Amino acid sequence: MVVDYRINEEEFHKISLAECDFFIRKPPDPDNDVYDFREMYVTPPNADIYVIPRVLAPVPEKYIRCAVSDFGWNNVTEPPIDAP
C-alpha cells in the first residue's frame with residue numbers, strides 16, 4: 001500500500017539492499033539498536049515513494065534489540081523491562 005505522506009527518515013533505522021531500502025521505526029534508546037517492526041516502510045533507492053510492506057509472518061508486538069557482534073552474528077533480544 002503506497003502512502004501519501006513523506007516519513008521523517010531520522011526517526012527510522014535504514015537498511016539498504018540492492019533494489020530497495022527498508023525503514024523500521026527507531027524507538028528512543030541510548031544504544032540506537034532497538035527496532036519497532038510494527039511500523040515499517042519500503043522504498044526504491046533514493047526515492048520518496050513509501051510503501052507499507054505486506055508482512056507474511058506475525059510481527060513482534062514488542063520492541064526488538066538487534067546488534068551485530070564482532071563475529072558477525074546477529075543478536076536479537078527484547079529490551080530491558082524499563083525500556084520505553
# chains A, B, ... in the order shown; residues from 1 in each chain; ligands from 1
$ select_by_dssp --residues "chain A" --states "strand (DSSP E or B)" --output "PyMOL selection string"
chain A and resi 2+12-16+21-25+34-43+51+64-68+74-77
$ residues_around --residues "stretch 42-58 of chain A" --least-positions-apart "4" --cutoff "9 Å" --atoms "only C-alpha atoms" --output "PyMOL selection string"
chain A and resi 1-7+16-24
$ write_last_selection --atoms "all heavy atoms" --output "compact mmCIF listing (two decimals), in the first residue's frame"
# COMPACT_ATOMS: atom_id res chain seq x y z
N MET A 1 0.84 -1.17 0.00
CA MET A 1 0.00 0.00 0.00
C MET A 1 0.89 1.24 0.00
O MET A 1 1.69 1.45 0.90
CB MET A 1 -0.89 -0.02 1.23
CG MET A 1 -1.75 1.18 1.38
SD MET A 1 -2.89 0.95 2.75
CE MET A 1 -2.56 2.44 3.61
N VAL A 2 0.77 2.06 -1.01
CA VAL A 2 1.55 3.29 -1.11
C VAL A 2 0.92 4.34 -0.20
O VAL A 2 -0.30 4.51 -0.17
CB VAL A 2 1.58 3.81 -2.57
CG1 VAL A 2 2.30 5.14 -2.65
CG2 VAL A 2 2.22 2.79 -3.49
N VAL A 3 1.76 5.03 0.57
CA VAL A 3 1.25 6.07 1.46
C VAL A 3 1.39 7.43 0.79
O VAL A 3 2.26 7.63 -0.05
CB VAL A 3 1.97 6.05 2.83
CG1 VAL A 3 1.72 4.73 3.54
CG2 VAL A 3 3.46 6.28 2.68
N ASP A 4 0.54 8.37 1.17
CA ASP A 4 0.55 9.69 0.54
C ASP A 4 1.23 10.74 1.42
O ASP A 4 0.85 11.90 1.41
CB ASP A 4 -0.87 10.12 0.20
CG ASP A 4 -1.77 10.19 1.41
OD1 ASP A 4 -1.34 9.76 2.50
OD2 ASP A 4 -2.89 10.70 1.28
N TYR A 5 2.23 10.32 2.17
CA TYR A 5 2.98 11.25 3.01
C TYR A 5 4.45 10.86 3.00
O TYR A 5 4.81 9.75 2.61
CB TYR A 5 2.44 11.26 4.45
CG TYR A 5 2.32 9.90 5.08
CD1 TYR A 5 3.40 9.30 5.74
CD2 TYR A 5 1.12 9.20 5.02
CE1 TYR A 5 3.28 8.04 6.31
CE2 TYR A 5 1.00 7.95 5.59
CZ TYR A 5 2.08 7.37 6.24
OH TYR A 5 1.97 6.13 6.80
N ARG A 6 5.28 11.78 3.41
CA ARG A 6 6.72 11.54 3.49
C ARG A 6 7.07 11.28 4.95
O ARG A 6 6.62 11.99 5.84
CB ARG A 6 7.46 12.77 2.98
CG ARG A 6 8.96 12.65 3.01
CD ARG A 6 9.60 13.87 2.36
NE ARG A 6 11.01 13.93 2.64
CZ ARG A 6 11.93 13.18 2.08
NH1 ARG A 6 11.58 12.29 1.18
NH2 ARG A 6 13.20 13.30 2.39
N ILE A 7 7.88 10.25 5.20
CA ILE A 7 8.28 9.95 6.57
C ILE A 7 9.53 10.75 6.93
O ILE A 7 10.28 11.19 6.06
CB ILE A 7 8.55 8.44 6.77
CG1 ILE A 7 9.74 7.97 5.94
CG2 ILE A 7 7.31 7.62 6.49
CD1 ILE A 7 10.22 6.58 6.27
N SER A 16 19.63 -0.76 3.71
CA SER A 16 19.70 -0.62 2.26
C SER A 16 20.08 -1.94 1.60
O SER A 16 21.06 -2.57 1.97
CB SER A 16 20.73 0.44 1.88
OG SER A 16 20.34 1.69 2.35
N LEU A 17 19.27 -2.34 0.65
CA LEU A 17 19.55 -3.51 -0.17
C LEU A 17 19.76 -3.04 -1.61
O LEU A 17 19.61 -1.85 -1.90
CB LEU A 17 18.39 -4.51 -0.09
CG LEU A 17 18.01 -4.98 1.32
CD1 LEU A 17 16.78 -5.87 1.28
CD2 LEU A 17 19.17 -5.71 1.97
N ALA A 18 20.09 -3.94 -2.51
CA ALA A 18 20.38 -3.54 -3.89
C ALA A 18 19.18 -2.89 -4.58
O ALA A 18 19.33 -1.91 -5.30
CB ALA A 18 20.85 -4.75 -4.69
N GLU A 19 17.98 -3.41 -4.33
CA GLU A 19 16.81 -2.93 -5.07
C GLU A 19 15.84 -2.11 -4.25
O GLU A 19 14.87 -1.59 -4.80
CB GLU A 19 16.08 -4.12 -5.68
CG GLU A 19 16.94 -4.84 -6.71
CD GLU A 19 16.20 -5.99 -7.36
OE1 GLU A 19 14.98 -6.11 -7.14
OE2 GLU A 19 16.84 -6.76 -8.07
N CYS A 20 16.05 -2.01 -2.92
CA CYS A 20 15.12 -1.24 -2.10
C CYS A 20 15.77 -0.87 -0.77
O CYS A 20 16.80 -1.41 -0.40
CB CYS A 20 13.84 -2.02 -1.85
SG CYS A 20 14.09 -3.54 -0.93
N ASP A 21 15.14 0.08 -0.10
CA ASP A 21 15.54 0.49 1.25
C ASP A 21 14.39 0.20 2.19
O ASP A 21 13.23 0.47 1.87
CB ASP A 21 15.86 1.98 1.31
CG ASP A 21 17.09 2.36 0.50
OD1 ASP A 21 17.98 1.51 0.34
OD2 ASP A 21 17.16 3.51 0.03
N PHE A 22 14.71 -0.36 3.35
CA PHE A 22 13.72 -0.59 4.39
C PHE A 22 13.90 0.46 5.48
O PHE A 22 15.03 0.77 5.86
CB PHE A 22 13.89 -1.98 5.03
CG PHE A 22 13.34 -3.08 4.19
CD1 PHE A 22 14.14 -3.76 3.29
CD2 PHE A 22 12.01 -3.44 4.30
CE1 PHE A 22 13.64 -4.78 2.52
CE2 PHE A 22 11.49 -4.48 3.52
CZ PHE A 22 12.31 -5.14 2.63
N PHE A 23 12.81 0.99 5.98
CA PHE A 23 12.82 1.92 7.11
C PHE A 23 12.01 1.28 8.22
O PHE A 23 10.84 0.96 8.03
CB PHE A 23 12.24 3.26 6.72
CG PHE A 23 13.09 4.02 5.74
CD1 PHE A 23 12.90 3.89 4.38
CD2 PHE A 23 14.11 4.84 6.21
CE1 PHE A 23 13.71 4.57 3.48
CE2 PHE A 23 14.92 5.51 5.31
CZ PHE A 23 14.72 5.38 3.95
N ILE A 24 12.64 1.07 9.38
CA ILE A 24 12.00 0.44 10.53
C ILE A 24 12.05 1.43 11.68
O ILE A 24 13.11 2.00 11.97
CB ILE A 24 12.72 -0.87 10.90
CG1 ILE A 24 12.71 -1.82 9.68
CG2 ILE A 24 12.04 -1.53 12.10
CD1 ILE A 24 13.64 -2.99 9.81
$ atom_distance --atom1 "atom CA of A:Val76" --atom2 "atom CA of A:Glu9"
23.0 Å
$ residues_around --residues "A:Glu11" --least-positions-apart "2" --cutoff "12 Å" --atoms "only C-alpha atoms" --output "PyMOL selection string"
chain A and resi 6-9+13-14+23-29+32+34-36+39-41
$ atom_distance --atom1 "atom CA of A:Asp31" --atom2 "atom CA of A:Phe12"
14.1 Å
$ atom_distance --atom1 "atom CA of A:Phe37" --atom2 "atom CA of A:Lys62"
8.3 Å
$ decode --residues "stretch 8-33 of chain A" --atoms "N, CA and C atoms" --output "PDB file, in the first residue's frame"
ATOM      1  N   ASN A   8       9.719  10.957   8.218  1.00  0.00           N
ATOM      2  CA  ASN A   8      10.944  11.572   8.711  1.00  0.00           C
ATOM      3  C   ASN A   8      11.974  10.451   8.857  1.00  0.00           C
ATOM      4  N   GLU A   9      12.896  10.349   7.916  1.00  0.00           N
ATOM      5  CA  GLU A   9      13.834   9.233   7.888  1.00  0.00           C
ATOM      6  C   GLU A   9      14.767   9.216   9.096  1.00  0.00           C
ATOM      7  N   GLU A  10      14.887  10.320   9.823  1.00  0.00           N
ATOM      8  CA  GLU A  10      15.726  10.354  11.023  1.00  0.00           C
ATOM      9  C   GLU A  10      15.110   9.537  12.159  1.00  0.00           C
ATOM     10  N   GLU A  11      13.811   9.267  12.086  1.00  0.00           N
ATOM     11  CA  GLU A  11      13.125   8.508  13.127  1.00  0.00           C
ATOM     12  C   GLU A  11      13.107   7.013  12.836  1.00  0.00           C
ATOM     13  N   PHE A  12      13.823   6.584  11.801  1.00  0.00           N
ATOM     14  CA  PHE A  12      13.802   5.194  11.369  1.00  0.00           C
ATOM     15  C   PHE A  12      15.216   4.667  11.162  1.00  0.00           C
ATOM     16  N   HIS A  13      15.390   3.360  11.415  1.00  0.00           N
ATOM     17  CA  HIS A  13      16.611   2.670  11.006  1.00  0.00           C
ATOM     18  C   HIS A  13      16.478   2.422   9.509  1.00  0.00           C
ATOM     19  N   LYS A  14      17.570   2.614   8.768  1.00  0.00           N
ATOM     20  CA  LYS A  14      17.539   2.376   7.330  1.00  0.00           C
ATOM     21  C   LYS A  14      18.400   1.161   7.013  1.00  0.00           C
ATOM     22  N   ILE A  15      17.808   0.200   6.317  1.00  0.00           N
ATOM     23  CA  ILE A  15      18.526  -0.977   5.852  1.00  0.00           C
ATOM     24  C   ILE A  15      18.475  -0.942   4.331  1.00  0.00           C
ATOM     25  N   SER A  16      19.628  -0.756   3.709  1.00  0.00           N
ATOM     26  CA  SER A  16      19.699  -0.620   2.255  1.00  0.00           C
ATOM     27  C   SER A  16      20.076  -1.942   1.603  1.00  0.00           C
ATOM     28  N   LEU A  17      19.270  -2.344   0.651  1.00  0.00           N
ATOM     29  CA  LEU A  17      19.547  -3.513  -0.173  1.00  0.00           C
ATOM     30  C   LEU A  17      19.760  -3.038  -1.608  1.00  0.00           C
ATOM     31  N   ALA A  18      20.091  -3.935  -2.514  1.00  0.00           N
ATOM     32  CA  ALA A  18      20.381  -3.543  -3.893  1.00  0.00           C
ATOM     33  C   ALA A  18      19.178  -2.893  -4.575  1.00  0.00           C
ATOM     34  N   GLU A  19      17.982  -3.410  -4.333  1.00  0.00           N
ATOM     35  CA  GLU A  19      16.812  -2.934  -5.065  1.00  0.00           C
ATOM     36  C   GLU A  19      15.836  -2.112  -4.246  1.00  0.00           C
ATOM     37  N   CYS A  20      16.049  -2.013  -2.917  1.00  0.00           N
ATOM     38  CA  CYS A  20      15.124  -1.245  -2.097  1.00  0.00           C
ATOM     39  C   CYS A  20      15.769  -0.867  -0.773  1.00  0.00           C
ATOM     40  N   ASP A  21      15.144   0.080  -0.098  1.00  0.00           N
ATOM     41  CA  ASP A  21      15.542   0.485   1.246  1.00  0.00           C
ATOM     42  C   ASP A  21      14.387   0.196   2.189  1.00  0.00           C
ATOM     43  N   PHE A  22      14.706  -0.358   3.350  1.00  0.00           N
ATOM     44  CA  PHE A  22      13.720  -0.589   4.391  1.00  0.00           C
ATOM     45  C   PHE A  22      13.902   0.457   5.479  1.00  0.00           C
ATOM     46  N   PHE A  23      12.811   0.991   5.983  1.00  0.00           N
ATOM     47  CA  PHE A  23      12.820   1.916   7.109  1.00  0.00           C
ATOM     48  C   PHE A  23      12.007   1.281   8.224  1.00  0.00           C
ATOM     49  N   ILE A  24      12.639   1.072   9.381  1.00  0.00           N
ATOM     50  CA  ILE A  24      12.000   0.441  10.532  1.00  0.00           C
ATOM     51  C   ILE A  24      12.052   1.428  11.684  1.00  0.00           C
ATOM     52  N   ARG A  25      10.921   1.642  12.334  1.00  0.00           N
ATOM     53  CA  ARG A  25      10.804   2.642  13.415  1.00  0.00           C
ATOM     54  C   ARG A  25      11.915   2.478  14.442  1.00  0.00           C
ATOM     55  N   LYS A  26      12.508   3.598  14.853  1.00  0.00           N
ATOM     56  CA  LYS A  26      13.596   3.639  15.825  1.00  0.00           C
ATOM     57  C   LYS A  26      13.068   4.221  17.131  1.00  0.00           C
ATOM     58  N   PRO A  27      12.726   3.379  18.131  1.00  0.00           N
ATOM     59  CA  PRO A  27      12.267   3.895  19.421  1.00  0.00           C
ATOM     60  C   PRO A  27      13.419   4.593  20.156  1.00  0.00           C
ATOM     61  N   PRO A  28      13.110   5.444  21.122  1.00  0.00           N
ATOM     62  CA  PRO A  28      14.175   6.099  21.894  1.00  0.00           C
ATOM     63  C   PRO A  28      15.015   5.048  22.629  1.00  0.00           C
ATOM     64  N   ASP A  29      16.315   5.078  22.399  1.00  0.00           N
ATOM     65  CA  ASP A  29      17.230   4.131  23.035  1.00  0.00           C
ATOM     66  C   ASP A  29      18.639   4.699  22.956  1.00  0.00           C
ATOM     67  N   PRO A  30      19.376   4.731  24.052  1.00  0.00           N
ATOM     68  CA  PRO A  30      20.725   5.311  24.027  1.00  0.00           C
ATOM     69  C   PRO A  30      21.708   4.524  23.153  1.00  0.00           C
ATOM     70  N   ASP A  31      21.480   3.212  22.989  1.00  0.00           N
ATOM     71  CA  ASP A  31      22.390   2.406  22.174  1.00  0.00           C
ATOM     72  C   ASP A  31      22.031   2.400  20.693  1.00  0.00           C
ATOM     73  N   ASN A  32      20.865   2.914  20.348  1.00  0.00           N
ATOM     74  CA  ASN A  32      20.424   3.027  18.963  1.00  0.00           C
ATOM     75  C   ASN A  32      20.371   1.660  18.260  1.00  0.00           C
ATOM     76  N   ASP A  33      19.983   0.621  19.005  1.00  0.00           N
ATOM     77  CA  ASP A  33      19.908  -0.700  18.387  1.00  0.00           C
ATOM     78  C   ASP A  33      18.567  -1.400  18.655  1.00  0.00           C
TER      79      ASP A  33
END
